[in-house]
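Participant: My questions will all concern the structure given below.
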Amino acid sequence: MDLETEGRTDAVHVWYMDLDELSSRPHRHLESALGPEERARRAGYPEARSRARFTAAHGVLRLLLGRFLDMPAAQVRMRCGPLGKPTLPPGAPPVHFSLSHSGAHGVAAVSVGREVGVDLDRPRDGFPLESFARRYFPPAEADLVLGAPREDRMRVFLTLWTRKEALVKAAGSGISLGVGQQVGGTADAAVVTAAQPRLRGTWHIRTLSPPYGIGAVALAHHRPYRVIAHDWAATESP
């Protein structure tokens with residue numbers, strides 16, 4: 001893949017995945033794409049369905065990185081930062097990536113030249129979102145959640161939550177630091193300047209429109225960018 005044309009710094013590519021659909025038919029190329037570290041992590045999942053979803057999500061990410069780096073997926077080398085953010089090793093092309101999966105669905109993001117974080121989440125019953133927002137969110141964001149009509153509160157909460165998750169993933173930090181960071185409300189896009197040492201920097205956050213759930217993506221720097229969305233099932237070419 002030509003990094004100059006496919007991965008300019010004014011764009012981020014996102015691929016949406018139905019993990020159960022991918023797991024329901026033979027996909028040996030997804031299994032063979034995994035590295036030894038991922039195989040070890042997968043072995044820690046007690047349920048077969050969870051292992052299958054892990055294989056699908058991480059296999060797709062590796063295939064995508066292989067395309068961007070023009071090498072076999074299984075040969076892509078990764079390393080983890082201090083808080084677990086996966087990156088390419090020093091000297092590799094400036095390809096940045098992020099992966100998120102929630103239940104049966106996943107999203108992978110790839111950007112060239114700008115750190116990227118992506119998150120996907122889905123509504124769930126019984127979660128005490130009002131008390132959580134009141135306790136942990138900045139007051140203005142808690143007011144957004146609590147002031148929304150009851151039927152909209154989960155959507156508002158997850159819009160803010162996925163933006164926070166995308167930000168901390170891009171920064172290579174943990175959600176415990178990001179939960180109190182303001183992320184620009186629920187507008188479709190926002191530029192956020194964070195002062196905390198492990199979040200420090202300027203981040204341009206965009207709300208995604210996934211075919212399922214609620215999502216967000218964050219890129220380093222204030223410059224705007226295009227989100228180029230793909231359906232993995234439609235673009236897959238083993």
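Chain labels follow the order of the structure tokens: the first chain is A, the next B, and so on; residue numbering restarts at 1 in every chain, and ligands are counted from 1 in their shown order.
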Would you kindly return, as a VMD selection string, each protein, DNA or RNA residue with an atom no farther than 9 Å from any atom of Arg62 in chain A, considering only C-alpha atoms and excluding same-chain residues fewer than 5 positions away?
Facilitator: chain A and resid 30 33 to 35 57 67 72 to 74 76
Participant: Compile the contact shell of range 158-163 of chain A as a list of chain:residue names: residues with an atom at most 6 Å away, counting only C-alpha atoms, same-chain residues fewer than 4 positions apart removed.
Facilitator: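 Answer for this query is A:Asp119, A:Gly215, A:Ala216.
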Participant: Residues of range 28-178 of chain A in helix (DSSP H, G or I) according to DSSP, as a PyMOL selection string?
Facilitator: chain A and resi 28-33+36-43+48-69+73-75+129-136+139-147+150-171+175-178
Participant: Find the residues near range 121-132 of chain A: any atom within 12 Å, counting only C-alpha atoms, skip ones fewer than 5 places away on the same chain, and give them as a PyMOL selection string.
Facilitator: chain A and resi 100-107+137-139+141-166+179-180+208-216
Participant: Near range 184-190 of chain A, within 6 Å and counting only C-alpha atoms, which residues show up once chain neighbours fewer than 3 positions away are dropped, as a ChimeraX atom specification?
Facilitator: /A:204-207
Participant: Counting only C-alpha atoms, which residue out of A:Arg49, A:Arg39, A:Arg79, A:Lys85 sits closest to Ala171 in chain A?
Facilitator: A:Lys85
Participant: Which is closest to Arg114 in chain A among A:Leu99, A:Pro93, A:His27, A:Gly44, if we use only C-alpha atoms?
Facilitator: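 Looking at the shortest contact to Arg114 in chain A, the residue is A:Pro93.
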Participant: From the options A:Thr55, A:Glu37, A:Ala92, A:Ile228, which residue's atoms come nearest to Cys80 in chain A, counting only C-alpha atoms?
Facilitator: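 Going through A:Thr55, A:Glu37, A:Ala92, A:Ile228 one by one, the smallest distance to Cys80 in chain A is for A:Glu37.
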Participant: Measure the distance from CA of Pro86 in chain A to CA of Ala170 in chain A in Å and round it to one decimal.
Facilitator: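 Those two atoms sit 10.4 Å apart.
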